[in-house]
>>> print(open('entry-v9.txt').read())   # compact mmCIF, C-alpha atoms and all ligand atoms
# COMPACT_ATOMS: atom_id res chain seq x y z
CA MET J 1 -63.66 -82.78 -135.17
CA ALA J 2 -63.15 -84.63 -138.41
CA ASN J 3 -59.84 -84.54 -140.06
CA VAL J 4 -59.24 -87.26 -142.65
CA LYS J 5 -55.93 -89.04 -142.80
CA LEU J 6 -54.64 -91.37 -145.49
CA SER J 7 -51.43 -93.13 -144.49
CA ASN J 8 -49.48 -95.11 -147.03
CA ILE J 9 -52.64 -95.94 -148.97
CA SER J 10 -52.43 -98.26 -151.98
CA LYS J 11 -55.15 -99.53 -154.26
CA SER J 12 -54.96 -102.24 -156.90
CA TYR J 13 -57.54 -103.82 -159.13
CA GLY J 14 -56.10 -107.29 -159.73
CA ASP J 15 -52.58 -106.66 -161.03
CA THR J 16 -53.30 -103.03 -161.89
CA LYS J 17 -51.93 -100.61 -159.32
CA VAL J 18 -54.01 -97.45 -159.36
CA ILE J 19 -52.64 -95.75 -156.22
CA GLU J 20 -49.39 -96.52 -154.44
CA ASN J 21 -48.24 -95.43 -150.98
CA LEU J 22 -50.22 -92.22 -150.91
CA ASP J 23 -50.18 -89.94 -147.85
CA LEU J 24 -52.65 -87.13 -147.38
CA GLU J 25 -54.05 -85.27 -144.41
CA VAL J 26 -57.19 -83.16 -144.64
CA SER J 27 -57.79 -80.78 -141.73
CA ASP J 28 -61.04 -80.36 -139.86
CA ASN J 29 -63.30 -77.88 -141.75
CA GLU J 30 -60.95 -77.76 -144.70
CA PHE J 31 -62.26 -77.57 -148.28
CA LEU J 32 -59.88 -79.88 -150.12
CA VAL J 33 -60.17 -80.37 -153.87
CA LEU J 34 -58.70 -83.39 -155.65
CA VAL J 35 -58.08 -82.47 -159.26
CA GLY J 36 -56.46 -84.20 -162.21
CA PRO J 37 -57.17 -85.58 -165.66
CA SER J 38 -59.58 -88.42 -166.25
CA GLY J 39 -58.26 -91.75 -164.97
CA CYS J 40 -55.75 -90.28 -162.48
CA GLY J 41 -57.45 -91.97 -159.52
CA LYS J 42 -59.50 -89.13 -157.98
CA SER J 43 -62.78 -91.04 -157.77
CA THR J 44 -61.03 -94.14 -156.48
CA LEU J 45 -59.54 -92.09 -153.63
CA LEU J 46 -62.88 -90.52 -152.78
CA ARG J 47 -64.69 -93.85 -152.95
CA MET J 48 -62.13 -95.39 -150.60
CA ILE J 49 -62.76 -92.59 -148.09
CA ALA J 50 -66.50 -93.19 -148.49
CA GLY J 51 -66.07 -96.92 -148.01
CA LEU J 52 -67.49 -97.76 -151.43
CA GLU J 53 -64.11 -99.25 -152.40
CA GLY J 54 -61.83 -101.25 -150.15
CA VAL J 55 -58.28 -100.14 -149.42
CA THR J 56 -55.65 -102.62 -150.63
CA ASP J 57 -53.01 -101.40 -148.18
CA GLY J 58 -52.48 -98.60 -145.69
CA GLU J 59 -54.57 -96.91 -143.02
CA LEU J 60 -57.51 -94.59 -143.46
CA SER J 61 -58.87 -92.58 -140.55
CA ILE J 62 -61.69 -90.09 -140.09
CA GLY J 63 -61.49 -88.11 -136.86
CA ASP J 64 -59.81 -90.41 -134.36
CA ARG J 65 -61.23 -93.62 -135.84
CA VAL J 66 -59.50 -95.97 -138.25
CA VAL J 67 -62.28 -96.68 -140.75
CA ASN J 68 -60.69 -99.28 -143.06
CA ASN J 69 -63.17 -101.92 -141.96
CA LEU J 70 -66.20 -99.72 -141.34
CA GLU J 71 -69.23 -99.81 -143.61
CA PRO J 72 -70.02 -96.54 -145.47
CA LYS J 73 -73.06 -95.97 -143.23
CA ASP J 74 -70.89 -96.13 -140.12
CA ARG J 75 -68.32 -93.57 -141.30
CA ASN J 76 -70.51 -90.51 -140.75
CA ILE J 77 -69.82 -89.18 -144.22
CA ALA J 78 -72.27 -87.96 -146.87
CA MET J 79 -71.61 -88.18 -150.57
CA VAL J 80 -72.94 -86.00 -153.39
CA PHE J 81 -72.72 -87.54 -156.84
CA GLN J 82 -72.59 -86.13 -160.36
CA ASN J 83 -75.84 -87.87 -161.32
CA TYR J 84 -77.74 -86.62 -158.18
CA ALA J 85 -79.01 -90.15 -157.39
CA LEU J 86 -82.52 -88.91 -156.48
CA TYR J 87 -85.59 -91.13 -156.23
CA PRO J 88 -87.81 -90.07 -159.15
CA HIS J 89 -91.09 -91.09 -157.52
CA MET J 90 -90.43 -89.14 -154.30
CA ASN J 91 -90.89 -85.40 -153.89
CA VAL J 92 -88.10 -83.13 -152.69
CA TYR J 93 -89.15 -83.44 -149.03
CA LYS J 94 -89.11 -87.24 -149.22
CA ASN J 95 -85.82 -87.31 -151.08
CA ILE J 96 -84.13 -85.06 -148.54
CA SER J 97 -85.54 -86.95 -145.57
CA PHE J 98 -84.95 -90.44 -146.97
CA GLY J 99 -81.83 -91.23 -144.92
CA LEU J 100 -83.35 -89.86 -141.72
CA ARG J 101 -86.52 -91.89 -142.18
CA ALA J 102 -84.38 -94.98 -142.75
CA GLN J 103 -82.65 -94.23 -139.41
CA LYS J 104 -86.12 -94.02 -137.81
CA MET J 105 -85.55 -90.51 -136.53
CA PRO J 106 -88.70 -89.01 -134.90
CA LYS J 107 -90.96 -87.23 -137.41
CA ASP J 108 -90.72 -83.81 -135.75
CA ASP J 109 -86.92 -83.91 -135.76
CA ILE J 110 -86.93 -84.94 -139.41
CA ASP J 111 -89.25 -82.09 -140.27
CA LYS J 112 -87.05 -79.55 -138.49
CA LYS J 113 -83.90 -80.79 -140.24
CA VAL J 114 -85.49 -80.90 -143.68
CA ARG J 115 -86.84 -77.35 -143.34
CA GLU J 116 -83.50 -76.03 -142.07
CA GLY J 117 -81.65 -77.72 -144.92
CA ALA J 118 -84.19 -76.51 -147.46
CA GLU J 119 -83.80 -72.97 -146.13
CA ILE J 120 -79.99 -73.05 -146.53
CA LEU J 121 -80.33 -74.37 -150.09
CA GLU J 122 -83.34 -72.22 -151.04
CA LEU J 123 -85.52 -75.26 -151.67
CA THR J 124 -88.39 -74.35 -149.34
CA GLU J 125 -90.76 -73.51 -152.20
CA LEU J 126 -89.92 -76.74 -154.02
CA LEU J 127 -90.45 -79.34 -151.29
CA GLU J 128 -93.56 -80.82 -152.94
CA ARG J 129 -92.05 -81.17 -156.40
CA LYS J 130 -90.76 -84.38 -157.96
CA PRO J 131 -87.22 -84.46 -159.44
CA ALA J 132 -88.63 -84.41 -163.00
CA GLU J 133 -90.13 -80.99 -162.23
CA LEU J 134 -86.76 -79.49 -161.25
CA SER J 135 -83.86 -78.02 -163.20
CA GLY J 136 -80.43 -79.68 -163.08
CA GLY J 137 -79.16 -77.14 -160.57
CA GLN J 138 -82.19 -77.62 -158.33
CA ARG J 139 -81.76 -81.40 -158.45
CA GLN J 140 -78.17 -81.03 -157.37
CA ARG J 141 -79.28 -78.78 -154.50
CA VAL J 142 -81.70 -81.52 -153.40
CA SER J 143 -78.89 -84.04 -153.38
CA MET J 144 -76.83 -81.61 -151.28
CA GLY J 145 -79.86 -81.19 -149.00
CA ARG J 146 -79.97 -84.91 -148.46
CA ALA J 147 -76.30 -84.76 -147.44
CA ILE J 148 -76.71 -81.75 -145.11
CA VAL J 149 -79.60 -83.16 -143.06
CA ARG J 150 -77.53 -86.17 -142.12
CA ASP J 151 -75.15 -83.80 -140.36
CA PRO J 152 -72.07 -85.76 -141.43
CA ASP J 153 -68.50 -85.16 -140.24
CA VAL J 154 -67.27 -85.08 -143.82
CA PHE J 155 -68.90 -84.20 -147.15
CA LEU J 156 -67.58 -86.01 -150.20
CA PHE J 157 -68.41 -84.47 -153.58
CA ASP J 158 -67.75 -86.47 -156.75
CA GLU J 159 -67.80 -84.14 -159.79
CA PRO J 160 -71.13 -82.66 -158.63
CA LEU J 161 -71.33 -79.97 -161.32
CA SER J 162 -70.22 -81.89 -164.40
CA ASN J 163 -73.77 -82.38 -165.70
CA LEU J 164 -74.62 -78.67 -165.58
CA ASP J 165 -74.14 -76.04 -168.26
CA ALA J 166 -71.38 -73.45 -167.85
CA LYS J 167 -73.56 -70.66 -166.45
CA LEU J 168 -75.22 -72.89 -163.88
CA ARG J 169 -71.86 -74.37 -162.91
CA SER J 170 -70.55 -70.97 -161.96
CA SER J 171 -73.61 -70.11 -159.84
CA MET J 172 -73.53 -73.53 -158.17
CA ARG J 173 -69.83 -73.01 -157.39
CA ILE J 174 -70.81 -69.95 -155.40
CA GLU J 175 -73.54 -71.92 -153.60
CA ILE J 176 -71.17 -74.71 -152.65
CA LYS J 177 -68.65 -72.20 -151.33
CA LYS J 178 -71.39 -70.51 -149.29
CA LEU J 179 -72.57 -73.90 -148.06
CA HIS J 180 -69.09 -74.63 -146.74
CA GLU J 181 -69.04 -71.31 -144.92
CA THR J 182 -72.45 -72.08 -143.38
CA VAL J 183 -72.00 -75.70 -142.34
CA LYS J 184 -68.29 -75.46 -141.44
CA LYS J 185 -67.51 -79.10 -142.21
CA THR J 186 -64.67 -80.92 -143.87
CA ILE J 187 -65.27 -81.20 -147.62
CA ILE J 188 -63.35 -83.39 -150.03
CA TYR J 189 -64.32 -82.51 -153.59
CA VAL J 190 -63.30 -84.28 -156.78
CA THR J 191 -63.22 -82.53 -160.14
CA HIS J 192 -61.31 -82.55 -163.42
CA ASP J 193 -62.04 -78.83 -163.78
CA GLN J 194 -59.18 -76.62 -162.66
CA VAL J 195 -61.44 -73.56 -162.45
CA GLU J 196 -63.61 -75.33 -159.87
CA ALA J 197 -60.48 -76.38 -158.01
CA MET J 198 -59.06 -72.84 -157.98
CA THR J 199 -62.29 -71.13 -156.93
CA LEU J 200 -63.47 -73.59 -154.26
CA ALA J 201 -60.42 -75.00 -152.54
CA ASP J 202 -58.62 -74.06 -149.38
CA ARG J 203 -56.00 -76.48 -150.69
CA ILE J 204 -55.74 -78.30 -154.00
CA VAL J 205 -54.25 -81.76 -154.51
CA ILE J 206 -53.13 -82.30 -158.08
CA LEU J 207 -53.03 -85.96 -159.08
CA LYS J 208 -51.52 -87.69 -162.06
CA ASP J 209 -51.38 -91.47 -162.56
CA GLY J 210 -52.39 -92.03 -158.94
CA GLU J 211 -49.55 -89.87 -157.60
CA ILE J 212 -49.79 -86.54 -155.85
CA GLN J 213 -47.94 -83.93 -157.91
CA GLN J 214 -48.45 -81.02 -155.55
CA ILE J 215 -50.55 -79.94 -152.57
CA GLY J 216 -51.05 -76.25 -151.94
CA THR J 217 -53.38 -73.29 -151.79
CA PRO J 218 -54.74 -72.19 -155.17
CA MET J 219 -52.22 -69.35 -155.28
CA GLU J 220 -49.30 -71.60 -154.36
CA VAL J 221 -50.01 -74.08 -157.12
CA TYR J 222 -50.61 -71.24 -159.57
CA LYS J 223 -47.58 -69.13 -158.66
CA LYS J 224 -45.16 -71.91 -157.79
CA PRO J 225 -46.12 -75.05 -159.70
CA ALA J 226 -43.96 -77.96 -158.56
CA ASN J 227 -43.50 -79.33 -162.07
CA LYS J 228 -44.48 -78.85 -165.68
CA PHE J 229 -47.56 -81.02 -165.35
CA VAL J 230 -49.00 -78.81 -162.61
CA ALA J 231 -47.98 -75.68 -164.50
CA SER J 232 -49.85 -76.73 -167.61
CA PHE J 233 -52.86 -78.18 -165.77
CA ILE J 234 -53.56 -75.12 -163.60
CA GLY J 235 -54.36 -71.87 -165.40
CA SER J 236 -56.37 -71.00 -168.48
CA PRO J 237 -55.20 -70.24 -171.08
CA GLU J 238 -52.38 -72.63 -170.45
CA MET J 239 -48.88 -71.49 -169.51
CA ASN J 240 -46.54 -70.99 -172.50
CA PHE J 241 -43.57 -73.35 -172.63
CA MET J 242 -40.33 -72.68 -174.45
CA GLU J 243 -38.55 -75.97 -174.89
CA TYR J 244 -34.75 -76.19 -174.81
CA PRO J 245 -32.69 -79.40 -175.00
CA ASP J 246 -32.20 -79.72 -171.23
CA PHE J 247 -35.07 -77.78 -169.75
CA SER J 248 -38.28 -75.94 -170.36
CA LEU J 249 -39.13 -72.33 -169.54
CA GLY J 250 -42.68 -71.37 -168.76
CA ILE J 251 -44.38 -68.00 -168.79
CA ARG J 252 -48.06 -67.35 -168.18
CA PRO J 253 -50.01 -65.56 -170.96
CA GLU J 254 -50.89 -62.65 -168.64
CA ASP J 255 -47.21 -62.11 -167.84
CA ILE J 256 -46.35 -61.20 -171.44
CA TYR J 257 -47.09 -57.62 -172.53
CA ILE J 258 -47.17 -55.71 -175.76
CA SER J 259 -44.14 -53.36 -175.57
CA GLY J 260 -45.11 -50.03 -174.11
CA THR J 261 -47.97 -51.40 -171.98
CA GLU J 262 -45.85 -53.27 -169.42
CA PRO J 263 -45.51 -52.40 -165.75
CA THR J 264 -42.08 -51.78 -164.22
CA MET J 265 -39.98 -54.92 -164.63
CA LYS J 266 -36.86 -56.10 -162.81
CA ARG J 267 -35.38 -58.10 -165.71
CA PRO J 268 -37.25 -57.26 -168.90
CA GLN J 269 -36.85 -59.62 -171.85
CA LYS J 270 -37.86 -58.37 -175.31
CA LEU J 271 -39.24 -60.61 -178.03
CA ASP J 272 -40.61 -59.94 -181.54
CA GLY J 273 -43.19 -62.03 -183.31
CA ASP J 274 -45.88 -62.35 -185.96
CA VAL J 275 -49.49 -62.46 -184.88
CA ILE J 276 -51.10 -65.66 -186.13
CA LEU J 277 -54.48 -65.40 -184.39
CA VAL J 278 -56.47 -62.97 -182.26
CA GLU J 279 -59.34 -64.19 -180.08
CA THR J 280 -61.52 -61.44 -178.65
CA LEU J 281 -63.36 -62.53 -175.51
CA GLY J 282 -64.75 -59.13 -174.49
CA ALA J 283 -63.09 -58.47 -171.14
CA GLU J 284 -59.82 -59.77 -172.55
CA SER J 285 -58.16 -60.79 -175.80
CA LEU J 286 -55.83 -63.68 -176.53
CA ILE J 287 -53.12 -63.01 -179.09
CA ARG J 288 -51.31 -66.00 -180.56
CA VAL J 289 -47.80 -65.01 -181.66
CA ASN J 290 -45.10 -66.91 -183.54
CA SER J 291 -41.70 -65.70 -182.39
CA GLY J 292 -39.54 -67.90 -184.60
CA ASN J 293 -38.84 -70.85 -182.35
CA HIS J 294 -41.98 -70.70 -180.26
CA ASP J 295 -45.70 -70.05 -180.47
CA LEU J 296 -46.87 -68.01 -177.50
CA THR J 297 -50.24 -66.92 -176.18
CA VAL J 298 -50.44 -63.38 -174.84
CA LYS J 299 -53.41 -62.29 -172.75
CA VAL J 300 -54.28 -58.60 -172.78
CA ASN J 301 -57.11 -56.67 -171.16
CA GLY J 302 -60.08 -55.54 -173.21
CA ILE J 303 -60.27 -55.46 -176.97
CA THR J 304 -56.94 -55.23 -178.76
CA LYS J 305 -56.12 -53.31 -181.95
CA VAL J 306 -53.58 -55.98 -182.89
CA LYS J 307 -54.52 -57.98 -186.03
CA THR J 308 -53.45 -61.26 -187.59
CA GLY J 309 -50.30 -60.65 -189.67
CA ASP J 310 -49.00 -57.77 -187.54
CA ASN J 311 -45.41 -57.91 -186.37
CA ILE J 312 -45.38 -56.95 -182.70
CA SER J 313 -42.85 -56.39 -179.94
CA LEU J 314 -43.45 -58.19 -176.67
CA VAL J 315 -41.82 -57.97 -173.29
CA PHE J 316 -41.92 -60.09 -170.14
CA ASP J 317 -40.11 -60.07 -166.83
CA LYS J 318 -37.62 -62.92 -166.49
CA GLU J 319 -38.54 -62.92 -162.79
CA GLU J 320 -41.96 -64.30 -163.78
CA MET J 321 -40.49 -67.23 -165.69
CA HIS J 322 -40.79 -70.78 -164.37
CA LYS J 323 -38.00 -73.26 -165.05
CA PHE J 324 -38.73 -76.98 -165.31
P1 LIG J 401 -60.66 -90.53 -162.19
O1 LIG J 401 -61.74 -90.42 -161.17
O2 LIG J 401 -59.48 -89.68 -161.87
O3 LIG J 401 -61.15 -90.32 -163.59
P2 LIG J 401 -60.65 -93.32 -161.43
O4 LIG J 401 -60.35 -93.24 -159.98
O5 LIG J 401 -62.06 -93.54 -161.83
O6 LIG J 401 -60.08 -92.02 -162.14
O7 LIG J 401 -59.77 -94.45 -162.07
C1 LIG J 401 -58.38 -94.57 -161.85
C2 LIG J 401 -57.83 -95.77 -162.60
O8 LIG J 401 -58.34 -96.96 -162.04
C3 LIG J 401 -58.19 -95.78 -164.07
O9 LIG J 401 -57.08 -96.19 -164.80
C4 LIG J 401 -59.32 -96.78 -164.14
O10 LIG J 401 -59.33 -97.42 -165.38
C5 LIG J 401 -58.96 -97.74 -163.04
N1 LIG J 401 -60.15 -98.37 -162.44
C6 LIG J 401 -61.14 -97.73 -161.79
N2 LIG J 401 -62.08 -98.60 -161.35
C7 LIG J 401 -61.66 -99.83 -161.74
C8 LIG J 401 -62.16 -101.18 -161.58
N3 LIG J 401 -63.30 -101.42 -160.93
N4 LIG J 401 -61.44 -102.18 -162.12
C9 LIG J 401 -60.26 -101.94 -162.76
N5 LIG J 401 -59.73 -100.70 -162.94
C10 LIG J 401 -60.41 -99.67 -162.43
>>> encode(input="entry-v9.txt", output="structure tokens")
Amino acid sequence: MANVKLSNISKSYGDTKVIENLDLEVSDNEFLVLVGPSGCGKSTLLRMIAGLEGVTDGELSIGDRVVNNLEPKDRNIAMVFQNYALYPHMNVYKNISFGLRAQKMPKDDIDKKVREGAEILELTELLERKPAELSGGQRQRVSMGRAIVRDPDVFLFDEPLSNLDAKLRSSMRIEIKKLHETVKKTIIYVTHDQVEAMTLADRIVILKDGEIQQIGTPMEVYKKPANKFVASFIGSPEMNFMEYPDFSLGIRPEDIYISGTEPTMKRPQKLDGDVILVETLGAESLIRVNSGNHDLTVKVNGITKVKTGDNISLVFDKEEMHKF
């Protein structure tokens, strides 16, 4: 059992307060993703859980132990970093087994663990290679292998896919999700990428300036964003906002339709506008429309016949609008 509990946690560097009075509980076996823009405090939180940073105030527990004063090695956590942190002169086998050898585990036990881990991560054929002979994705799998063999209570991932190209990122996302299903352990995963957050998380924590903006399942934060920050951070292309003096109305690009193509709506709202840009992405097209007071993005399926300069009629359901 390894839930992780942060109670009233604060962190300062000198006079700079980075996190203040933060509460968060991660359940056993949960895949929790911390997401937010650069500088919001995600890595600091993760590093405090790992024990790489001290906690200024508050209580941090893993399982039933308060770990504030425990060394990282005594917390039974394993961390996977963005830069892999592999030893270049050691082959994959030696890299994966490094921590176990340092613990002086018997050779046969080490061998069994390394081969099991390599099997899960499809590294069996690569055990003799050095890191320089591996692709970025393979290197990251080795660093995950090193984490798995230690059989930790909690896996901590710090932006593990940021160094990979887009195609590899999406295949590694699938591997990490499968890994979670196989090892059934608590994972806390930091990223600035909302797509990673949406696709991986059981629950997402959205952070801004060291404060939690919302905690929820991917669908909760997408469908019912707690505030405008969450609404604009989650979802691509970004939610459209129509600003009024006292409030802001938001509508997602996929909730606006070209008149005549819409599904049945409870409270349809019509809108006319001039097309200022069409982006064709293949499976979908993004139409940028100026409707007088507002510029809106409309997402439609497939390839659209609409062209720049066209005047088009749009419709959306007021039920789908978000008010902030
Ligand atoms: P993120 O991971 O979300 O990009 P960080 O947790 O790295 O953000 O940083 C949060 C804030 O704490 C930033 O404003 C950063 O400048 C500050 N910070 C991080 N580490 C230190 C440090 N060692 N000394 C002073 N400020 C720091």
>>> residues_near_ligand(input="entry-v9.txt", ligand="ligand LIG 401 (chain J)", cutoff="10 Å", atoms="all atoms listed in the file", output="ChimeraX atom specification")
/J:11-19,34-48,53,158-159,190-192,207-210
>>> residues_near_point(input="entry-v9.txt", point="(-46.1, -55.7, -192.5)", cutoff="12 Å", atoms="all atoms listed in the file", output="list in words")
Gly273, Asp274, Val275, Lys307, Thr308, Gly309, Asp310, Asn311 and Ile312 of chain J
>>> closest_residue(input="entry-v9.txt", among="J:Ile206, J:Val114, J:Val183, J:Val300", to="Glu284 of chain J", atoms="all atoms listed in the file")
J:Val300
>>> atom_distance(input="entry-v9.txt", atom1="atom CA of Ile204 of chain J", atom2="atom CA of Asp151 of chain J")
24.4 Å
>>> closest_residue(input="entry-v9.txt", among="J:Arg173, J:Thr124, J:His180, J:Leu32", to="Gly216 of chain J", atoms="only C-alpha atoms")
J:Leu32
>>> closest_residue(input="entry-v9.txt", among="J:Tyr93, J:Phe155, J:Tyr84, J:Phe316", to="Arg267 of chain J", atoms="all atoms listed in the file")
J:Phe316
>>> atom_distance(input="entry-v9.txt", atom1="atom CA of Ser7 of chain J", atom2="atom CA of Asn69 of chain J")
14.9 Å
>>> build_atoms(input="entry-v9.txt", residues="segment 230-239 of chain J", atoms="all heavy atoms", output="tab-separated table (two decimals), in the coordinates of the input")
chain	number	residue	atom	x	y	z
J	230	VAL	N	-48.15	-79.71	-163.40
J	230	VAL	CA	-49.00	-78.81	-162.61
J	230	VAL	C	-49.11	-77.46	-163.32
J	230	VAL	O	-50.21	-76.89	-163.43
J	230	VAL	CB	-48.43	-78.61	-161.18
J	230	VAL	CG1	-49.24	-77.56	-160.41
J	230	VAL	CG2	-48.41	-79.93	-160.42
J	231	ALA	N	-47.99	-76.99	-163.82
J	231	ALA	CA	-47.98	-75.68	-164.50
J	231	ALA	C	-48.94	-75.66	-165.67
J	231	ALA	O	-49.64	-74.68	-165.91
J	231	ALA	CB	-46.57	-75.34	-164.96
J	232	SER	N	-48.98	-76.75	-166.42
J	232	SER	CA	-49.85	-76.73	-167.61
J	232	SER	C	-51.29	-77.06	-167.24
J	232	SER	O	-52.22	-76.62	-167.91
J	232	SER	CB	-49.33	-77.67	-168.70
J	232	SER	OG	-49.50	-78.99	-168.29
J	233	PHE	N	-51.49	-77.80	-166.15
J	233	PHE	CA	-52.86	-78.18	-165.77
J	233	PHE	C	-53.62	-77.02	-165.14
J	233	PHE	O	-54.81	-76.85	-165.36
J	233	PHE	CB	-52.82	-79.37	-164.81
J	233	PHE	CG	-54.15	-80.02	-164.63
J	233	PHE	CD1	-54.64	-80.89	-165.59
J	233	PHE	CD2	-54.95	-79.73	-163.54
J	233	PHE	CE1	-55.89	-81.47	-165.46
J	233	PHE	CE2	-56.19	-80.31	-163.39
J	233	PHE	CZ	-56.66	-81.18	-164.36
J	234	ILE	N	-52.92	-76.22	-164.33
J	234	ILE	CA	-53.56	-75.12	-163.60
J	234	ILE	C	-53.36	-73.83	-164.38
J	234	ILE	O	-52.23	-73.46	-164.69
J	234	ILE	CB	-52.96	-74.98	-162.19
J	234	ILE	CG1	-53.15	-76.26	-161.38
J	234	ILE	CG2	-53.54	-73.76	-161.47
J	234	ILE	CD1	-54.55	-76.54	-160.89
J	235	GLY	N	-54.45	-73.14	-164.68
J	235	GLY	CA	-54.36	-71.87	-165.40
J	235	GLY	C	-54.94	-71.99	-166.79
J	235	GLY	O	-54.70	-72.96	-167.49
J	236	SER	N	-55.76	-71.01	-167.15
J	236	SER	CA	-56.37	-71.00	-168.48
J	236	SER	C	-56.38	-69.56	-169.01
J	236	SER	O	-56.86	-68.68	-168.30
J	236	SER	CB	-57.79	-71.55	-168.37
J	236	SER	OG	-58.45	-71.42	-169.60
J	237	PRO	N	-55.87	-69.28	-170.20
J	237	PRO	CA	-55.20	-70.24	-171.08
J	237	PRO	C	-53.92	-70.79	-170.46
J	237	PRO	O	-53.37	-70.19	-169.55
J	237	PRO	CB	-54.90	-69.41	-172.33
J	237	PRO	CG	-54.97	-68.00	-171.92
J	237	PRO	CD	-55.89	-67.92	-170.76
J	238	GLU	N	-53.50	-71.90	-171.01
J	238	GLU	CA	-52.38	-72.63	-170.45
J	238	GLU	C	-51.08	-71.82	-170.46
J	238	GLU	O	-50.89	-70.97	-171.33
J	238	GLU	CB	-52.19	-73.90	-171.30
J	238	GLU	CG	-51.34	-74.95	-170.66
J	238	GLU	CD	-51.11	-76.13	-171.62
J	238	GLU	OE1	-52.05	-76.50	-172.36
J	238	GLU	OE2	-50.00	-76.66	-171.62
J	239	MET	N	-50.20	-72.12	-169.52
J	239	MET	CA	-48.88	-71.49	-169.51
J	239	MET	C	-48.15	-71.76	-170.84
J	239	MET	O	-48.31	-72.84	-171.41
J	239	MET	CB	-48.06	-72.06	-168.34
J	239	MET	CG	-46.70	-71.40	-168.16
J	239	MET	SD	-45.71	-72.17	-166.85
J	239	MET	CE	-46.44	-71.50	-165.38
